[in-house]
Amino acid sequence: MLIRPTSEPWLRDAVIAGGGVPVDDHSQAQAAIWRGSDHERLERILAASPDITWVQLGAAGTDAWAKTGLFDDGRTWTSAKGAYSEAVAEHALSLLLALLRDIPRFAAATAWQPQSGRTLFDRTVLVLGAEGGIGREFIRLLAPFRSRVLAGARDSVRDAQSGETLDLMTALAIADATVIATPLTDATRGLIGREQFAAMQPTAVVVNIARGAVIDTAALVDALRERRIAAAGIDVTDPEPLPEGHPLWGLENCLITPHTANTLEMLGPQFARRVAENLRRFVSGLPLVGVVDATKGY
């Protein structure tokens with residue numbers, strides 16, 4: 001298996017653990033791991049490597065890759081979707097609890113503040129992207145809080161308890177919190193904008209650990225400034241990195257983390273497990289985990 005653009009020892013160990021053999025010559029490879037973002041370099045390697053039938057990407061999100069057309073080359077492509085679910089879902093829960101407990105305001109204070117804060121117990125939580133690995137893991141983490149979960153998939157929202165189907169605007173109107181874990185596609189770009197913020201309760205909080213462009217940034221700034229919603233916790237932004245001086249930095253009801261839901265320290269062991277698992281499946285002729293659907297782009 002070819003490992004590019006770099007071949008860390010832990011990744012070579014993962015290949016061996018999965019029953020594969022790391023190779024440095026692309027002409028000897030039947031599969032490849034690509035952890036970088038340079039799709040043009042990868043395309044050149046693949047053009048010279050007809051025996052490579054499977055490519056494992058290191059990222060969970062593939063929106064940038066989908067634009068290149070590489071997913072239509074006849075190979076099997078797998079992303080790391082689902083591999084990082086636990087770490088990212090944990091971060092989403094951290095942001096949600098911090099917002100409900102008014103931590104951003106307290107953390108910025110330099111004097112004793114009036115009491116405020118709410119509990120997550122028995123709240124209604126809308127999870128957009130509930131069918132994905134992160135969404136499913138986040139819903140599992142909500143179980144001890146007796147949350148009413150509204151599970152948003154591609155076409156509808158379903159009440160996980162009653163089975164009732166809702167439209168998105170109705171779900172936004174009754175949710176105490178909206179957590180965004182959906183992939184970025186043409187359909188989800190700008191999914192949460194002015195109309196959606198207007199539908200939310202003024203006490204609602206929003207968490208985004210998906211992609212920044214799922215939210216209309218200008219609409220988010222206005223919603224927070226005008227207190228149309230109570231607060232937002234975002235690990236991803238549009239643009240990203242968020243520039244110095246951007247209005248979001250100055251809002252006390254906005255908690256921003258710099259895309260740290262899954263740090264490099266956390267990522268390695270998780271990705272190594274995915275590589276080993278998929279190699280075992282590849283060698284045995286079994287279906288791979290995290291296969292990219294070229295028609296959807298993820």
# chains A, B, ... in the order shown; residues from 1 in each chain; ligands from 1

call {"tool": "closest_atom_pairs", "arguments": {"of": "region 39-149 of chain A", "to": "region 182-202 of chain A", "cutoff": "12 Å", "atoms": "only C-alpha atoms", "output": "tab-separated table"}}
result
residue	atom	partner	partner_atom	distance
A:Ala60	CA	A:Pro183	CA	9.2
A:Gly61	CA	A:Pro183	CA	6.8
A:Thr62	CA	A:Pro183	CA	8.3
A:Asp63	CA	A:Leu184	CA	6.0
A:Ala64	CA	A:Leu184	CA	9.3
A:Trp65	CA	A:Thr185	CA	11.4
A:Ala66	CA	A:Thr185	CA	9.1
A:Lys67	CA	A:Thr185	CA	10.3
A:Lys81	CA	A:Pro183	CA	9.8
A:Gly82	CA	A:Pro183	CA	11.8
A:Thr124	CA	A:Gln201	CA	11.7
A:Leu126	CA	A:Met200	CA	11.2
A:Val127	CA	A:Thr182	CA	8.8
A:Leu128	CA	A:Thr182	CA	5.8
A:Gly129	CA	A:Thr182	CA	4.0
A:Ala130	CA	A:Thr182	CA	7.6
A:Glu131	CA	A:Thr182	CA	8.7
A:Gly132	CA	A:Thr182	CA	7.4
A:Gly133	CA	A:Thr182	CA	9.9
A:Ile134	CA	A:Thr182	CA	8.7
A:Gly135	CA	A:Thr182	CA	7.9
A:Arg136	CA	A:Thr182	CA	11.2

call {"tool": "write_last_selection", "arguments": {"atoms": "C-alpha atoms", "output": "short mmCIF file (atom, residue, chain, number, x, y, z; two decimals), in the first residue's frame"}}
result
data_model
loop_
_atom_site.label_atom_id
_atom_site.label_comp_id
_atom_site.auth_asym_id
_atom_site.auth_seq_id
_atom_site.Cartn_x
_atom_site.Cartn_y
_atom_site.Cartn_z
CA ALA A 60 -13.76 12.94 6.84
CA GLY A 61 -15.06 15.88 4.82
CA THR A 62 -14.70 15.52 1.06
CA ASP A 63 -16.40 18.68 -0.25
CA ALA A 64 -13.13 20.03 -1.69
CA TRP A 65 -12.31 16.67 -3.29
CA ALA A 66 -15.75 16.31 -4.86
CA LYS A 67 -15.10 19.36 -7.05
CA LYS A 81 -16.11 9.68 7.70
CA GLY A 82 -17.18 8.10 10.95
CA THR A 124 -35.35 19.46 22.66
CA LEU A 126 -32.34 19.20 16.68
CA VAL A 127 -29.42 17.29 15.14
CA LEU A 128 -28.83 18.06 11.46
CA GLY A 129 -26.83 15.27 9.87
CA ALA A 130 -28.22 12.69 12.26
CA GLU A 131 -27.66 9.86 9.80
CA GLY A 132 -23.88 10.42 9.75
CA GLY A 133 -21.31 9.01 12.15
CA ILE A 134 -20.91 12.23 14.14
CA GLY A 135 -24.66 12.78 14.33
CA ARG A 136 -25.31 9.23 15.52
#

call {"tool": "residues_around", "arguments": {"residues": "Arg273 (chain A)", "least_positions_apart": "2", "cutoff": "12 Å", "atoms": "only C-alpha atoms", "output": "list in words"}}
result
Trp10, Leu11, Arg12, Asp13, Ala14, Val15, Ile16, Ala17, Gly18, Gly58, Ala80, Gly82, Ala83, Tyr84, Met266, Leu267, Gly268, Pro269, Gln270, Phe271, Val275, Ala276, Glu277, Asn278, Leu279, Arg280 and Val289 of chain A

call {"tool": "write_last_selection", "arguments": {"atoms": "C-alpha atoms", "output": "CSV table (one decimal), in the first residue's frame"}}
result
chain,number,residue,atom,x,y,z
A,10,TRP,CA,2.3,4.8,13.1
A,11,LEU,CA,0.6,4.8,9.7
A,12,ARG,CA,3.0,2.1,8.3
A,13,ASP,CA,2.2,0.1,11.5
A,14,ALA,CA,-1.5,0.4,10.7
A,15,VAL,CA,-1.0,-0.9,7.2
A,16,ILE,CA,0.9,-3.9,8.6
A,17,ALA,CA,-1.7,-4.5,11.3
A,18,GLY,CA,-4.3,-4.6,8.6
A,58,GLY,CA,-7.4,11.0,5.6
A,80,ALA,CA,-12.4,8.9,7.1
A,82,GLY,CA,-17.2,8.1,11.0
A,83,ALA,CA,-13.6,7.5,12.1
A,84,TYR,CA,-13.5,10.7,14.1
A,266,MET,CA,-6.6,12.7,18.6
A,267,LEU,CA,-6.7,12.0,14.9
A,268,GLY,CA,-3.7,9.6,14.6
A,269,PRO,CA,-5.1,6.6,16.6
A,270,GLN,CA,-8.5,7.0,15.1
A,271,PHE,CA,-7.3,7.1,11.5
A,275,VAL,CA,-6.8,2.1,7.9
A,276,ALA,CA,-6.3,-1.3,9.6
A,277,GLU,CA,-10.0,-2.2,9.4
A,278,ASN,CA,-10.3,-1.2,5.7
A,279,LEU,CA,-7.1,-3.1,4.8
A,280,ARG,CA,-8.4,-6.2,6.4
A,289,VAL,CA,-16.0,1.4,5.5

call {"tool": "closest_residue", "arguments": {"among": "A:Ala32, A:Ala230, A:Arg44, A:Ser85", "to": "Arg101 (chain A)", "atoms": "only C-alpha atoms"}}
result
A:Ala230

call {"tool": "atom_distance", "arguments": {"atom1": "CA of Thr295 (chain A)", "atom2": "CA of Trp54 (chain A)"}}
result
17.4 Å

call {"tool": "residues_around", "arguments": {"residues": "Ser162 (chain A)", "least_positions_apart": "3", "cutoff": "12 Å", "atoms": "only C-alpha atoms", "output": "list in words"}}
result
Arg148, Val149, Leu150, Ala151, Val157, Arg158, Asp159, Thr165 and Leu166 of chain A

call {"tool": "residues_around", "arguments": {"residues": "Ile45 (chain A)", "least_positions_apart": "3", "cutoff": "10 Å", "atoms": "only C-alpha atoms", "output": "JSON, numbers by chain"}}
result
{"A": [4, 26, 27, 32, 39, 40, 41, 42, 48, 49, 50, 52]}

call {"tool": "residues_around", "arguments": {"residues": "region 253-262 of chain A", "least_positions_apart": "2", "cutoff": "8 Å", "atoms": "only C-alpha atoms", "output": "list of chain:residue names"}}
result
A:Tyr84, A:Ala87, A:Val88, A:Glu90, A:His91, A:Ala92, A:Leu95, A:Leu99, A:Pro104, A:Arg105, A:Ile209, A:Leu224, A:Ala230, A:Ala231, A:Ala232, A:Gly233, A:Ile234, A:Asp235, A:Val236, A:Pro241, A:Leu248, A:Trp249, A:Leu251, A:Leu264, A:Met266, A:Leu267

call {"tool": "select_by_dssp", "arguments": {"residues": "region 112-282 of chain A", "states": "alpha helix (DSSP H)", "output": "number ranges by chain"}}
result
A: 133-142, 168-174, 194-199, 217-225, 264-282

call {"tool": "write_last_selection", "arguments": {"atoms": "N, CA and C atoms", "output": "compact mmCIF listing (two decimals), in the first residue's frame"}}
result
# COMPACT_ATOMS: atom_id res chain seq x y z
N GLY A 133 -21.98 9.56 10.98
CA GLY A 133 -21.31 9.01 12.15
C GLY A 133 -21.27 9.97 13.32
N ILE A 134 -20.97 11.24 13.06
CA ILE A 134 -20.91 12.23 14.14
C ILE A 134 -22.30 12.44 14.72
N GLY A 135 -23.29 12.57 13.86
CA GLY A 135 -24.66 12.78 14.33
C GLY A 135 -25.14 11.63 15.19
N ARG A 136 -24.88 10.41 14.74
CA ARG A 136 -25.31 9.23 15.52
C ARG A 136 -24.61 9.18 16.87
N GLU A 137 -23.30 9.48 16.89
CA GLU A 137 -22.56 9.45 18.14
C GLU A 137 -23.03 10.55 19.08
N PHE A 138 -23.32 11.72 18.53
CA PHE A 138 -23.80 12.82 19.37
C PHE A 138 -25.15 12.47 19.99
N ILE A 139 -26.03 11.88 19.22
CA ILE A 139 -27.33 11.47 19.75
C ILE A 139 -27.15 10.46 20.88
N ARG A 140 -26.18 9.56 20.73
CA ARG A 140 -25.90 8.59 21.79
C ARG A 140 -25.45 9.29 23.07
N LEU A 141 -24.64 10.35 22.92
CA LEU A 141 -24.17 11.09 24.09
C LEU A 141 -25.30 11.86 24.78
N LEU A 142 -26.35 12.16 24.04
CA LEU A 142 -27.48 12.89 24.63
C LEU A 142 -28.36 12.02 25.52
N LEU A 168 -38.19 21.20 8.29
CA LEU A 168 -37.06 21.83 8.97
C LEU A 168 -37.49 23.06 9.75
N MET A 169 -38.31 23.91 9.18
CA MET A 169 -38.67 25.16 9.84
C MET A 169 -39.45 24.90 11.13
N THR A 170 -40.31 23.91 11.12
CA THR A 170 -41.06 23.56 12.33
C THR A 170 -40.10 23.04 13.40
N ALA A 171 -39.16 22.20 12.98
CA ALA A 171 -38.18 21.65 13.93
C ALA A 171 -37.33 22.77 14.54
N LEU A 172 -36.90 23.71 13.73
CA LEU A 172 -36.10 24.83 14.23
C LEU A 172 -36.88 25.65 15.25
N ALA A 173 -38.18 25.77 15.03
CA ALA A 173 -39.01 26.60 15.90
C ALA A 173 -39.21 26.00 17.29
N ILE A 174 -39.13 24.67 17.39
CA ILE A 174 -39.39 24.05 18.69
C ILE A 174 -38.11 23.59 19.39
N ARG A 194 -30.88 33.56 7.30
CA ARG A 194 -31.74 34.53 8.01
C ARG A 194 -33.13 33.96 8.31
N GLU A 195 -33.71 33.28 7.34
CA GLU A 195 -35.05 32.73 7.53
C GLU A 195 -35.04 31.68 8.64
N GLN A 196 -34.00 30.86 8.66
CA GLN A 196 -33.91 29.81 9.67
C GLN A 196 -33.66 30.39 11.07
N PHE A 197 -32.80 31.39 11.17
CA PHE A 197 -32.57 32.03 12.47
C PHE A 197 -33.84 32.70 12.98
N ALA A 198 -34.60 33.29 12.05
CA ALA A 198 -35.85 33.96 12.45
C ALA A 198 -36.87 32.96 12.98
N ALA A 199 -36.78 31.72 12.54
CA ALA A 199 -37.73 30.70 12.99
C ALA A 199 -37.41 30.19 14.39
N THR A 217 -22.73 33.18 7.37
CA THR A 217 -22.00 33.88 8.43
C THR A 217 -22.59 35.25 8.74
N ALA A 218 -22.93 36.01 7.72
CA ALA A 218 -23.50 37.34 7.94
C ALA A 218 -24.82 37.24 8.69
N ALA A 219 -25.62 36.24 8.36
CA ALA A 219 -26.89 36.04 9.06
C ALA A 219 -26.66 35.64 10.51
N LEU A 220 -25.61 34.85 10.75
CA LEU A 220 -25.28 34.46 12.12
C LEU A 220 -24.87 35.67 12.95
N VAL A 221 -24.04 36.53 12.39
CA VAL A 221 -23.62 37.74 13.10
C VAL A 221 -24.83 38.57 13.49
N ASP A 222 -25.75 38.78 12.57
CA ASP A 222 -26.93 39.59 12.86
C ASP A 222 -27.82 38.92 13.91
N ALA A 223 -27.98 37.60 13.80
CA ALA A 223 -28.83 36.89 14.75
C ALA A 223 -28.29 36.99 16.16
N LEU A 224 -26.97 36.94 16.31
CA LEU A 224 -26.35 37.04 17.63
C LEU A 224 -26.38 38.47 18.14
N ARG A 225 -26.06 39.43 17.28
CA ARG A 225 -26.07 40.83 17.69
C ARG A 225 -27.45 41.28 18.14
N LEU A 264 -4.71 16.92 15.83
CA LEU A 264 -3.78 15.94 15.28
C LEU A 264 -3.46 14.85 16.30
N GLU A 265 -3.40 15.23 17.57
CA GLU A 265 -3.10 14.25 18.62
C GLU A 265 -4.21 13.19 18.71
N MET A 266 -5.45 13.62 18.55
CA MET A 266 -6.57 12.68 18.60
C MET A 266 -6.69 11.89 17.30
N LEU A 267 -6.38 12.55 16.19
CA LEU A 267 -6.65 12.01 14.87
C LEU A 267 -5.87 10.73 14.57
N GLY A 268 -4.59 10.69 14.94
CA GLY A 268 -3.74 9.58 14.57
C GLY A 268 -4.28 8.21 14.94
N PRO A 269 -4.56 7.95 16.22
CA PRO A 269 -5.06 6.63 16.60
C PRO A 269 -6.39 6.27 15.94
N GLN A 270 -7.24 7.28 15.75
CA GLN A 270 -8.55 7.02 15.13
C GLN A 270 -8.39 6.63 13.66
N PHE A 271 -7.53 7.36 12.95
CA PHE A 271 -7.32 7.06 11.54
C PHE A 271 -6.59 5.73 11.37
N ALA A 272 -5.66 5.45 12.27
CA ALA A 272 -4.94 4.17 12.19
C ALA A 272 -5.91 3.00 12.30
N ARG A 273 -6.89 3.10 13.19
CA ARG A 273 -7.88 2.02 13.32
C ARG A 273 -8.68 1.86 12.03
N ARG A 274 -9.03 2.99 11.39
CA ARG A 274 -9.80 2.92 10.14
C ARG A 274 -8.96 2.28 9.03
N VAL A 275 -7.68 2.65 8.93
CA VAL A 275 -6.81 2.08 7.90
C VAL A 275 -6.69 0.57 8.07
N ALA A 276 -6.42 0.14 9.29
CA ALA A 276 -6.26 -1.29 9.55
C ALA A 276 -7.55 -2.05 9.24
N GLU A 277 -8.68 -1.50 9.65
CA GLU A 277 -9.96 -2.16 9.40
C GLU A 277 -10.24 -2.28 7.90
N ASN A 278 -10.03 -1.18 7.16
CA ASN A 278 -10.31 -1.22 5.73
C ASN A 278 -9.34 -2.12 4.98
N LEU A 279 -8.10 -2.18 5.43
CA LEU A 279 -7.15 -3.08 4.77
C LEU A 279 -7.54 -4.54 4.97
N ARG A 280 -7.98 -4.87 6.18
CA ARG A 280 -8.45 -6.24 6.42
C ARG A 280 -9.61 -6.58 5.49
N ARG A 281 -10.50 -5.61 5.31
CA ARG A 281 -11.64 -5.83 4.43
C ARG A 281 -11.21 -5.93 2.97
N PHE A 282 -10.28 -5.07 2.58
CA PHE A 282 -9.78 -5.06 1.20
C PHE A 282 -9.13 -6.39 0.85

call {"tool": "closest_residue", "arguments": {"among": "A:Ser284, A:Asp238, A:Val205, A:Gly163", "to": "Asp102 (chain A)", "atoms": "only C-alpha atoms"}}
result
A:Val205

call {"tool": "atom_distance", "arguments": {"atom1": "CA of Val23 (chain A)", "atom2": "CA of Arg35 (chain A)"}}
result
15.8 Å

call {"tool": "atom_distance", "arguments": {"atom1": "CA of Ser37 (chain A)", "atom2": "CA of Val55 (chain A)"}}
result
13.4 Å

call {"tool": "select_by_dssp", "arguments": {"residues": "region 71-276 of chain A", "states": "strand (DSSP E)", "output": "number ranges by chain"}}
result
A: 76-78, 124-128, 148-152, 157-159, 165-166, 177-180, 205-208, 231-234, 254-256
